[in-house]
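Data block for target.txt (compact mmCIF, C-alpha atoms):
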```
# COMPACT_ATOMS: atom_id res chain seq x y z
CA MET K 101 119.17 124.76 79.37
CA LEU K 102 122.44 124.60 81.24
CA PRO K 103 125.58 126.56 80.45
CA LEU K 104 128.17 124.88 78.25
CA SER K 105 130.45 124.28 81.18
CA SER K 106 127.90 122.12 82.97
CA PRO K 107 128.67 118.48 83.71
CA SER K 108 126.76 115.39 82.61
CA LEU K 109 123.04 115.74 82.19
CA SER K 110 119.84 113.93 81.61
CA LEU K 111 117.48 114.71 78.79
CA THR K 112 113.72 114.54 78.79
CA PHE K 113 111.82 114.29 75.52
CA LEU K 114 108.13 115.01 75.03
CA THR K 115 106.82 112.88 72.18
CA TYR K 116 103.65 112.17 70.32
CA GLU K 117 101.98 109.21 68.68
CA GLY K 118 99.81 108.79 65.65
CA HIS K 119 101.83 110.75 63.11
CA GLU K 120 101.44 109.26 59.70
CA GLY K 121 103.89 108.94 56.84
CA HIS K 122 107.00 108.31 58.97
CA ASP K 123 109.20 105.28 58.37
CA HIS K 124 111.60 105.71 61.26
CA GLY K 125 113.11 108.71 59.50
CA HIS K 126 115.19 106.69 57.05
CA HIS K 127 114.43 108.92 54.09
CA ALA K 128 114.08 112.66 53.57
CA GLY K 129 115.78 113.63 56.82
CA LEU K 130 119.11 112.65 55.44
CA LEU K 131 118.65 115.42 52.90
CA LEU K 132 117.76 118.05 55.49
CA ASP K 133 119.76 121.24 55.15
CA ARG K 134 119.46 123.49 58.17
CA CYS K 135 120.72 126.42 56.11
CA GLN K 136 117.55 126.31 54.01
CA GLY K 137 115.47 127.75 56.84
CA ILE K 138 114.14 124.72 58.71
CA GLU K 139 111.78 125.15 61.66
CA MET K 140 113.23 122.98 64.40
CA ASP K 141 110.94 120.85 66.57
CA ALA K 142 113.01 120.98 69.75
CA VAL K 143 116.40 122.03 71.14
CA ALA K 144 118.34 120.58 74.08
CA VAL K 145 121.94 120.62 75.33
CA THR K 146 123.89 117.43 76.05
CA GLU K 147 126.14 116.65 78.99
CA GLU K 148 129.08 117.78 76.86
CA GLY K 149 127.38 121.13 76.38
CA ILE K 150 126.53 120.48 72.72
CA PRO K 151 123.18 121.84 71.48
CA TYR K 152 121.01 119.19 69.79
CA PHE K 153 118.50 120.52 67.25
CA PHE K 154 115.68 118.07 66.45
CA LYS K 155 113.72 117.97 63.22
CA GLY K 156 111.39 115.10 62.41
CA GLY K 157 113.20 111.84 63.10
CA HIS K 158 116.58 113.53 62.87
CA VAL K 159 118.97 115.55 65.00
CA PHE K 160 121.62 118.14 64.16
CA LYS K 161 124.42 117.99 66.72
CA GLY K 162 126.12 121.31 67.34
CA PHE K 163 126.03 124.38 65.12
CA HIS K 164 127.14 122.69 61.91
CA GLY K 165 127.21 119.24 60.36
CA LYS K 166 124.70 116.96 58.71
CA ALA K 167 121.51 115.53 60.18
CA GLU K 168 121.68 112.16 61.93
CA LEU K 169 118.87 109.78 62.83
CA SER K 170 117.61 110.53 66.35
CA ASN K 171 117.13 106.84 67.11
CA GLU K 172 120.87 106.26 66.69
CA SER K 173 121.42 108.32 69.85
CA PHE K 174 118.14 107.58 71.65
CA ALA K 175 117.06 104.17 70.40
CA GLU K 176 114.17 103.65 72.80
CA LEU K 177 112.22 106.51 71.25
CA ASP K 178 111.69 104.31 68.22
CA ASP K 179 111.00 101.23 70.31
CA HIS K 180 107.89 102.88 71.73
CA HIS K 181 106.96 105.22 68.89
CA HIS K 182 107.62 105.32 65.20
CA LEU K 183 109.64 108.43 65.80
CA GLY K 184 108.62 111.18 63.45
CA HIS K 185 108.87 114.20 65.69
CA VAL K 186 110.01 115.41 69.11
CA ASP K 187 107.60 117.95 70.58
CA ALA K 188 109.97 119.41 73.18
CA ALA K 189 113.22 118.61 74.93
CA PHE K 190 115.14 120.03 77.87
CA LEU K 191 117.88 119.29 80.36
CA MET K 192 116.84 119.14 84.02
CA HIS K 193 119.81 120.75 85.75
CA PHE K 194 119.09 121.12 89.47
CA PRO K 195 121.85 119.70 91.72
CA ASP K 196 119.57 119.65 94.78
CA LYS K 197 117.22 117.19 93.01
CA PRO K 198 119.53 114.19 92.56
CA THR K 199 116.85 111.89 91.13
CA GLU K 200 116.27 114.23 88.19
CA HIS K 201 119.48 116.28 88.02
CA ASP K 202 121.22 116.13 84.65
CA HIS K 203 118.47 114.15 82.97
CA ILE K 204 117.29 114.96 79.49
CA PHE K 205 113.54 114.84 78.98
CA PHE K 206 111.87 114.31 75.61
CA MET K 207 108.16 115.00 75.11
CA LEU K 208 106.36 113.15 72.32
CA ASP K 209 102.60 113.50 72.08
CA THR K 210 101.30 112.29 75.47
CA LYS K 211 104.50 110.64 76.66
CA VAL K 212 107.71 111.74 78.33
CA PHE K 213 111.06 109.94 78.11
CA SER K 214 113.83 110.55 80.65
CA TYR K 215 117.46 109.82 79.74
CA TYR K 216 120.53 109.84 81.94
CA LYS K 217 123.85 109.66 80.11
CA HIS K 218 121.97 108.56 76.97
CA GLN K 219 120.32 105.64 78.79
CA LEU K 220 116.53 105.51 79.20
CA GLU K 221 115.52 105.64 82.85
CA THR K 222 113.69 102.63 84.27
CA GLY K 223 109.91 102.96 84.07
CA PHE K 224 109.91 105.39 81.16
CA PRO K 225 108.17 106.40 78.98
CA LYS K 226 105.44 107.71 81.24
CA ASP K 227 102.43 109.95 80.70
CA ILE K 228 103.32 113.63 80.80
CA SER K 229 100.54 114.15 83.34
CA GLU K 230 102.18 111.64 85.70
CA VAL K 231 105.63 113.23 85.65
CA PHE K 232 104.53 116.85 85.29
CA PRO K 233 100.99 117.08 86.74
CA GLY K 234 99.02 120.00 85.36
CA ILE K 235 101.02 120.18 82.14
CA PRO K 236 99.06 119.41 78.92
CA ASP K 237 99.97 116.93 76.17
CA HIS K 238 101.08 117.80 72.64
CA LEU K 239 103.45 120.55 73.73
CA ASP K 240 105.32 122.94 71.46
CA ALA K 241 108.42 123.70 73.54
CA ALA K 242 109.97 123.59 77.01
CA VAL K 243 112.93 125.15 78.77
CA VAL K 244 114.42 124.88 82.26
CA CYS K 245 114.52 128.12 84.26
CA PRO K 246 116.62 127.98 87.45
CA ALA K 247 116.35 130.56 90.21
CA PRO K 248 116.95 133.48 90.20
CA ASP K 249 116.11 133.62 86.47
CA CYS K 250 112.66 132.50 87.64
CA GLU K 251 111.35 133.12 91.14
CA GLU K 252 112.03 129.46 91.98
CA ASP K 253 113.51 126.55 90.03
CA ALA K 254 111.03 125.89 87.25
CA VAL K 255 110.39 124.41 83.83
CA ILE K 256 108.53 126.62 81.35
CA PHE K 257 106.22 124.73 78.98
CA PHE K 258 104.77 126.25 75.80
CA LYS K 259 101.59 125.20 73.97
CA GLY K 260 100.33 127.70 71.44
CA ASP K 261 99.97 130.97 73.31
CA GLU K 262 99.58 129.19 76.64
CA ILE K 263 102.57 129.37 79.00
CA TYR K 264 102.96 127.10 82.03
CA HIS K 265 105.51 127.70 84.79
CA TYR K 266 106.02 124.36 86.54
CA ASN K 267 107.59 124.66 90.01
CA VAL K 268 110.09 121.82 90.25
CA LYS K 269 109.96 121.70 94.06
CA THR K 270 106.24 122.09 94.80
CA LYS K 271 104.95 120.72 91.42
CA LYS K 272 102.53 123.64 91.30
CA VAL K 273 101.68 125.09 87.89
CA GLU K 274 101.17 128.79 87.19
CA GLU K 275 99.66 129.78 83.87
CA LYS K 276 101.07 132.99 82.41
CA LYS K 277 100.45 135.28 79.48
CA PHE K 278 103.53 136.30 77.53
CA GLU K 279 102.19 139.27 75.64
CA GLY K 280 104.05 140.28 72.52
CA MET K 281 106.09 137.10 72.23
CA PRO K 282 105.56 134.77 69.24
CA ASN K 283 104.37 131.21 69.80
CA CYS K 284 107.50 129.12 70.32
CA THR K 285 108.08 125.96 68.29
CA SER K 286 111.21 125.27 70.37
CA ALA K 287 113.08 127.03 73.15
CA PHE K 288 116.29 126.76 75.09
CA ARG K 289 118.54 128.45 77.63
CA PHE K 290 122.00 129.21 76.31
CA MET K 291 124.79 131.25 77.89
CA GLU K 292 122.33 132.44 80.57
CA HIS K 293 119.87 133.79 77.98
CA TYR K 294 116.47 132.43 76.91
CA TYR K 295 115.58 131.96 73.25
CA CYS K 296 112.22 131.26 71.63
CA PHE K 297 112.45 129.82 68.11
CA HIS K 298 109.58 130.37 65.68
CA GLY K 299 110.01 129.28 62.10
CA HIS K 300 113.67 129.91 61.27
CA GLN K 301 113.74 133.03 63.42
CA PHE K 302 114.23 133.54 67.15
CA SER K 303 113.57 136.06 69.89
CA LYS K 304 115.39 136.50 73.19
CA PHE K 305 112.90 136.78 76.05
CA ASP K 306 112.62 137.39 79.78
CA PRO K 307 111.55 134.06 81.31
CA LYS K 308 109.58 135.76 84.07
CA THR K 309 107.52 138.10 81.93
CA GLY K 310 108.00 136.99 78.32
CA GLU K 311 109.10 140.50 77.39
CA VAL K 312 111.24 140.75 74.26
CA HIS K 313 113.76 143.59 74.32
CA GLY K 314 115.83 144.79 71.39
CA ARG K 315 115.55 144.21 67.65
CA TYR K 316 113.81 140.86 67.29
CA PRO K 317 113.02 138.51 65.70
CA LYS K 318 116.44 137.63 64.25
CA GLU K 319 117.48 135.01 61.74
CA ALA K 320 118.43 131.73 63.50
CA ARG K 321 120.82 130.77 60.71
CA ASP K 322 122.89 133.86 61.45
CA TYR K 323 123.51 133.06 65.11
CA PHE K 324 122.97 129.36 65.80
CA MET K 325 124.07 127.71 62.55
CA LYS K 326 127.17 127.74 60.41
CA CYS K 327 125.84 128.69 56.99
CA SER K 328 127.88 130.00 54.09
CA LYS K 329 125.49 132.73 52.96
CA PHE K 330 123.95 135.62 54.83
CA GLY K 331 120.22 136.20 54.75
CA ASP K 332 118.94 139.07 52.63
CA THR K 333 118.31 141.24 55.67
CA THR K 334 121.33 140.22 57.71
CA ASP K 335 123.59 142.74 59.41
CA HIS K 336 126.89 141.09 58.46
CA ILE K 337 128.90 142.59 61.30
CA GLU K 338 126.33 141.83 63.99
CA ARG K 339 125.95 138.27 62.75
CA GLU K 340 129.65 137.52 63.02
CA ARG K 341 130.16 139.36 66.32
CA CYS K 342 127.18 137.70 67.96
CA SER K 343 127.22 134.24 66.39
CA ARG K 344 127.27 131.37 68.89
CA VAL K 345 129.26 129.20 66.45
CA HIS K 346 132.88 128.63 67.49
CA LEU K 347 135.77 130.38 65.75
CA ASP K 348 137.92 128.39 63.34
CA ALA K 349 141.03 130.53 63.75
CA ILE K 350 142.18 133.90 65.10
CA THR K 351 145.37 135.94 65.05
CA SER K 352 146.72 139.43 65.43
CA ASP K 353 149.38 140.83 63.09
CA ASP K 354 152.51 142.82 63.93
CA ALA K 355 150.56 146.10 63.89
CA GLY K 356 147.97 144.78 66.35
CA ASN K 357 145.14 144.23 63.87
CA ILE K 358 143.00 141.20 64.81
CA TYR K 359 141.55 138.71 62.31
CA ALA K 360 138.97 136.12 63.39
CA PHE K 361 137.75 133.42 60.99
CA ARG K 362 134.54 131.38 61.04
CA GLY K 363 133.21 129.31 58.15
CA HIS K 364 133.10 131.49 55.03
CA HIS K 365 133.52 134.81 56.86
CA PHE K 366 135.96 136.77 58.95
CA LEU K 367 136.00 139.71 61.35
CA GLU K 368 138.75 142.33 61.42
CA GLN K 369 139.54 144.94 64.03
CA ASP K 370 142.17 147.56 63.26
CA ALA K 371 144.66 148.42 65.98
CA GLY K 372 143.49 151.31 68.14
CA ASN K 373 139.90 150.95 66.93
CA ASP K 374 137.14 149.36 69.00
CA THR K 375 134.88 148.60 66.04
CA TRP K 376 134.82 145.43 63.96
CA ALA K 377 134.35 144.92 60.22
CA ALA K 378 133.08 141.71 58.60
CA ASP K 379 133.37 140.24 55.12
CA THR K 380 133.68 136.95 53.28
CA ILE K 381 137.03 135.18 53.36
CA GLU K 382 136.92 134.99 49.58
CA SER K 383 136.75 138.77 49.28
CA ASP K 384 140.17 139.26 50.91
CA PHE K 385 141.74 135.80 50.67
CA LYS K 386 140.20 134.41 47.48
CA GLU K 387 142.74 131.59 47.11
CA LEU K 388 141.71 130.27 50.52
CA HIS K 389 137.95 130.52 49.83
CA SER K 390 136.71 129.38 53.28
CA GLU K 391 137.09 127.10 56.32
CA VAL K 392 140.47 127.92 57.90
CA ASP K 393 142.02 125.37 60.30
CA ALA K 394 144.54 127.73 61.93
CA THR K 395 146.29 131.03 61.32
CA PHE K 396 149.25 132.93 62.74
CA SER K 397 151.15 136.12 61.98
CA TYR K 398 154.90 136.38 61.49
CA GLU K 399 157.06 139.19 60.10
CA ASN K 400 154.14 141.09 58.56
CA HIS K 401 152.72 137.98 56.89
CA LEU K 402 149.60 135.96 57.63
CA TYR K 403 150.03 132.19 57.52
CA MET K 404 146.68 130.49 56.89
CA VAL K 405 146.53 126.73 57.41
CA LYS K 406 143.89 124.69 55.62
CA ASP K 407 144.09 120.88 55.61
CA ASP K 408 147.71 120.07 54.67
CA LYS K 409 148.52 123.39 52.99
CA VAL K 410 149.66 126.82 54.15
CA TYR K 411 148.54 129.97 52.33
CA ILE K 412 150.82 132.96 52.94
CA TYR K 413 149.71 136.58 52.53
CA LYS K 414 151.66 139.82 52.96
CA VAL K 415 149.61 142.11 55.18
CA GLY K 416 148.39 145.21 53.37
CA GLU K 417 145.53 146.85 51.51
CA PRO K 418 144.83 144.51 49.84
CA HIS K 419 146.58 141.47 51.32
CA THR K 420 148.95 139.97 48.75
CA HIS K 421 149.08 136.22 48.12
CA LEU K 422 152.74 135.20 47.81
CA ASP K 423 154.09 133.41 44.78
CA GLY K 424 154.69 129.72 45.49
CA SER K 425 151.85 129.65 48.01
CA PRO K 426 150.15 127.47 49.10
CA LYS K 427 152.99 125.39 50.44
CA PRO K 428 152.79 121.96 52.07
CA LEU K 429 152.18 122.19 55.83
CA LYS K 430 155.04 119.71 56.36
CA GLU K 431 157.42 122.05 54.54
CA VAL K 432 156.41 125.14 56.54
CA LEU K 433 155.88 123.75 60.05
CA GLY K 434 157.31 120.24 59.87
CA VAL K 435 154.11 118.59 61.11
CA GLU K 436 151.42 116.55 59.41
CA GLY K 437 147.92 118.01 59.19
CA PRO K 438 145.35 118.61 60.27
CA ILE K 439 146.23 120.91 63.16
CA ASP K 440 143.84 122.66 65.55
CA ALA K 441 145.58 125.99 66.17
CA ALA K 442 148.88 127.84 65.84
CA PHE K 443 150.23 131.13 67.17
CA VAL K 444 153.40 133.20 67.42
CA CYS K 445 153.95 135.50 70.39
CA GLN K 446 155.13 139.03 69.69
CA ASP K 447 158.79 139.57 68.71
CA HIS K 448 159.44 135.82 68.73
CA HIS K 449 160.22 133.42 65.88
CA ILE K 450 158.73 130.30 67.48
CA ALA K 451 155.41 129.01 66.17
CA HIS K 452 153.44 127.11 68.80
CA VAL K 453 151.37 124.46 67.02
CA ILE K 454 148.48 122.71 68.80
CA LYS K 455 147.42 119.31 67.55
CA GLY K 456 145.03 117.50 69.84
CA GLN K 457 146.54 117.76 73.32
CA THR K 458 150.12 118.17 72.10
CA VAL K 459 151.92 121.50 71.64
CA TYR K 460 154.89 121.64 69.27
CA ASP K 461 157.49 124.41 69.01
CA VAL K 462 158.70 125.22 65.51
CA ASP K 463 161.63 127.59 64.89
CA LEU K 464 160.49 129.61 61.87
CA LYS K 465 164.08 130.67 61.09
CA ALA K 466 165.27 127.05 60.78
CA SER K 467 165.29 125.28 57.44
CA PRO K 468 163.99 122.68 57.22
CA PRO K 469 161.64 123.24 60.20
CA VAL K 470 161.99 120.76 63.05
CA PRO K 471 158.98 120.54 65.38
CA VAL K 472 159.93 119.98 69.00
CA LYS K 473 157.30 118.68 71.39
CA GLU K 474 156.97 121.44 73.95
CA GLY K 475 154.49 119.60 76.10
CA SER K 476 150.95 118.35 76.50
CA PHE K 477 147.97 119.88 78.20
CA THR K 478 145.01 117.89 79.44
CA LEU K 479 142.67 120.75 80.31
CA PHE K 480 140.95 120.33 76.94
CA ASN K 481 140.77 117.37 74.59
CA LYS K 482 140.74 119.82 71.69
CA VAL K 483 140.73 123.58 71.08
CA ASP K 484 139.19 125.48 68.19
CA ALA K 485 141.63 128.39 67.93
CA ALA K 486 144.38 130.24 69.77
CA MET K 487 146.19 133.57 69.69
CA CYS K 488 149.02 135.27 71.57
CA GLY K 489 149.38 138.96 72.37
CA PRO K 490 150.85 141.36 74.93
CA GLU K 491 148.42 140.06 77.57
CA GLY K 492 149.30 136.40 77.03
CA VAL K 493 147.66 133.42 75.34
CA LYS K 494 143.96 132.99 74.61
CA LEU K 495 142.60 129.51 73.86
CA PHE K 496 139.19 129.34 72.20
CA LYS K 497 136.79 126.43 72.67
CA GLY K 498 133.12 126.55 71.79
CA ASN K 499 131.60 129.92 72.72
CA HIS K 500 134.30 130.79 75.24
CA TYR K 501 137.96 131.65 75.49
CA PHE K 502 140.43 131.05 78.31
CA HIS K 503 143.32 133.37 79.16
CA PHE K 504 146.82 132.30 80.25
CA GLN K 505 149.63 134.73 81.09
CA SER K 506 152.14 132.81 78.96
CA VAL K 507 152.68 129.57 77.05
CA LYS K 508 154.54 128.20 80.06
CA VAL K 509 151.62 128.95 82.36
CA MET K 510 149.24 127.34 79.85
CA LEU K 511 151.25 124.12 79.77
CA MET K 512 151.66 123.96 83.55
CA ALA K 513 148.03 124.75 84.38
CA LYS K 514 146.26 122.11 86.47
CA ALA K 515 142.81 123.71 86.40
CA ILE K 516 140.76 125.41 83.70
CA PRO K 517 140.89 129.19 84.25
CA GLU K 518 137.88 131.49 84.24
CA GLU K 519 135.92 131.23 81.02
CA HIS K 520 135.18 134.36 78.99
CA LYS K 521 132.33 134.76 76.54
CA THR K 522 133.79 135.30 73.08
CA ALA K 523 130.81 137.18 71.62
CA LEU K 524 130.42 139.48 74.61
CA GLU K 525 133.95 140.06 75.90
CA LEU K 526 135.97 139.92 72.70
CA PHE K 527 133.57 141.13 70.03
CA GLY K 528 131.41 143.41 72.19
CA CYS K 529 128.07 141.78 71.31
CA ASP K 530 125.40 143.01 73.71
CA HIS K 531 122.97 140.08 73.42
```
Spit out the file's structure as structure tokens when you get a sec.
Amino acid sequence: MLPLSSPSLSLTFLTYEGHEGHDHGHHAGLLLDRCQGIEMDAVAVTEEGIPYFFKGGHVFKGFHGKAELSNESFAELDDHHHLGHVDAAFLMHFPDKPTEHDHIFFMLDTKVFSYYKHQLETGFPKDISEVFPGIPDHLDAAVVCPAPDCEEDAVIFFKGDEIYHYNVKTKKVEEKKFEGMPNCTSAFRFMEHYYCFHGHQFSKFDPKTGEVHGRYPKEARDYFMKCSKFGDTTDHIERERCSRVHLDAITSDDAGNIYAFRGHHFLEQDAGNDTWAADTIESDFKELHSEVDATFSYENHLYMVKDDKVYIYKVGEPHTHLDGSPKPLKEVLGVEGPIDAAFVCQDHHIAHVIKGQTVYDVDLKASPPVPVKEGSFTLFNKVDAAMCGPEGVKLFKGNHYFHFQSVKVMLMAKAIPEEHKTALELFGCDH
């Protein structure tokens, strides 16, 4: 699969016929709960960089949210098949092959569908053997492997314990043995790593050799889904440090301690300490419970924004919830909710509030607060979180963060700066 920063794409789906008991997916799929340990049929990434997880006639878009009918996004799949299952899916991302670049391919049974910008390509569906000669029908998984990850640009197809490396340029097929790797029910490339899903677990593998290094398999719900409860064998700290799910909010207090929030959990790093601790939000901020929209620190207090309310805690061991909190967001910051992010830079009394593409300045010493539109930025249509520290401003979007030397530089920027991997560069995750 392509990195999240990749442009538009095309998807190819491998599909199958003859499955009984499916009525276009209008029933049980709507009750699917990915946090119950579902084995996904296929995974692909869209042109917006959003992972799509397919199960039966349904798709989960991104790392959280409810299942949707696949035929609402890819209608032609149902026109040709009573869609009950996608065998495999991948994004063909090779700029030097313009006829196939950024197409998404879906494999169903003996057929392959090619989509470009969610539109079925003319002439499809076709037989898998016509589009990918030498590749068998009824596949289990597929993933794109660009050079130098593979010797040459390739697509890796999985069927049981049989592995096929398909050379995109020469169309030659090399069969390989991936010893020690489980049979993959779906696979994808994400943040330059390769993942094989089996059941509700996954293993990271070397696409050339199939070797699995490190402590695998791991629980997919811990890293690729936003679930409220940890598995029985989960390493809480590793899960939160290495999760691919975006942060909801992040801040650092006056002492330099960092707090990062995601779903029902948060990470904390004490100033001067390189290690992280993880716990449930309810354990330290029980009034808040979960799901923070934004947070910022000011005068030794944490301001936690959720919907149209602000929960205020005095920093300490334990953190103390202030009397009269929560307060209306309008009363504290002068803006209507929801907001996307908020931060205060050190030694200042101005809260910078991000709502969509607009940044407001709010003087925290003024009463009542009067938000002043500081400016707009068009680099992103939306951000997930933001924080300010001695090194400047960090904006968080998806699995990455972007660094700006100051708020002024952020607002004047004409190009997106270098992206940094949140799990690796902020939290020190090594995989």
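Closest approach to Pro317 in chain K from the set K:Ile235, K:Val273, K:Val405, K:Cys284 is made by K:Cys284, with distances taken over all atoms listed in the file.
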Nearby residues (all atoms listed in the file) at most 6 Å from range 451-460 of chain K, same-chain spacing under 5 positions excluded, as a list in words: Ile439, Asp440, Ala441, Ala442, Phe443, Val444, Pro471, Val472, Lys473, Glu474, Gly475, Ser476, Phe477, Asn481 and Lys482 of chain K
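Nearest to Val255 in chain K of all the residues K:Lys318, K:Arg339, K:Arg289, K:Lys406 is K:Arg289, counting all atoms listed in the file.
The nearest approach to Phe163 in chain K among the residues K:Ala377, K:Ala394, K:Cys250, K:Leu347, with only C-alpha atoms taken into account, belongs to K:Leu347.
One distance worth recording is that between CA of Leu479 in chain K and CA of Lys514 in chain K, which is 7.3 Å.
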Dig up all the protein and nucleic acid residues within 10 Å of (143.8, 132.9, 45.5) in the file frame, using all atoms listed in the file, and format them as a PyMOL selection string. chain K and resi 382-389+411+413+420-422+425-426
Only C-alpha atoms, please: the residues just picked out, written as a short mmCIF file (atom, residue, chain, number, x, y, z; two decimals), in the frame of the given file.
```
data_model
loop_
_atom_site.label_atom_id
_atom_site.label_comp_id
_atom_site.auth_asym_id
_atom_site.auth_seq_id
_atom_site.Cartn_x
_atom_site.Cartn_y
_atom_site.Cartn_z
CA GLU K 382 136.92 134.99 49.58
CA SER K 383 136.75 138.77 49.28
CA ASP K 384 140.17 139.26 50.91
CA PHE K 385 141.74 135.80 50.67
CA LYS K 386 140.20 134.41 47.48
CA GLU K 387 142.74 131.59 47.11
CA LEU K 388 141.71 130.27 50.52
CA HIS K 389 137.95 130.52 49.83
CA TYR K 411 148.54 129.97 52.33
CA TYR K 413 149.71 136.58 52.53
CA THR K 420 148.95 139.97 48.75
CA HIS K 421 149.08 136.22 48.12
CA LEU K 422 152.74 135.20 47.81
CA SER K 425 151.85 129.65 48.01
CA PRO K 426 150.15 127.47 49.10
#
```
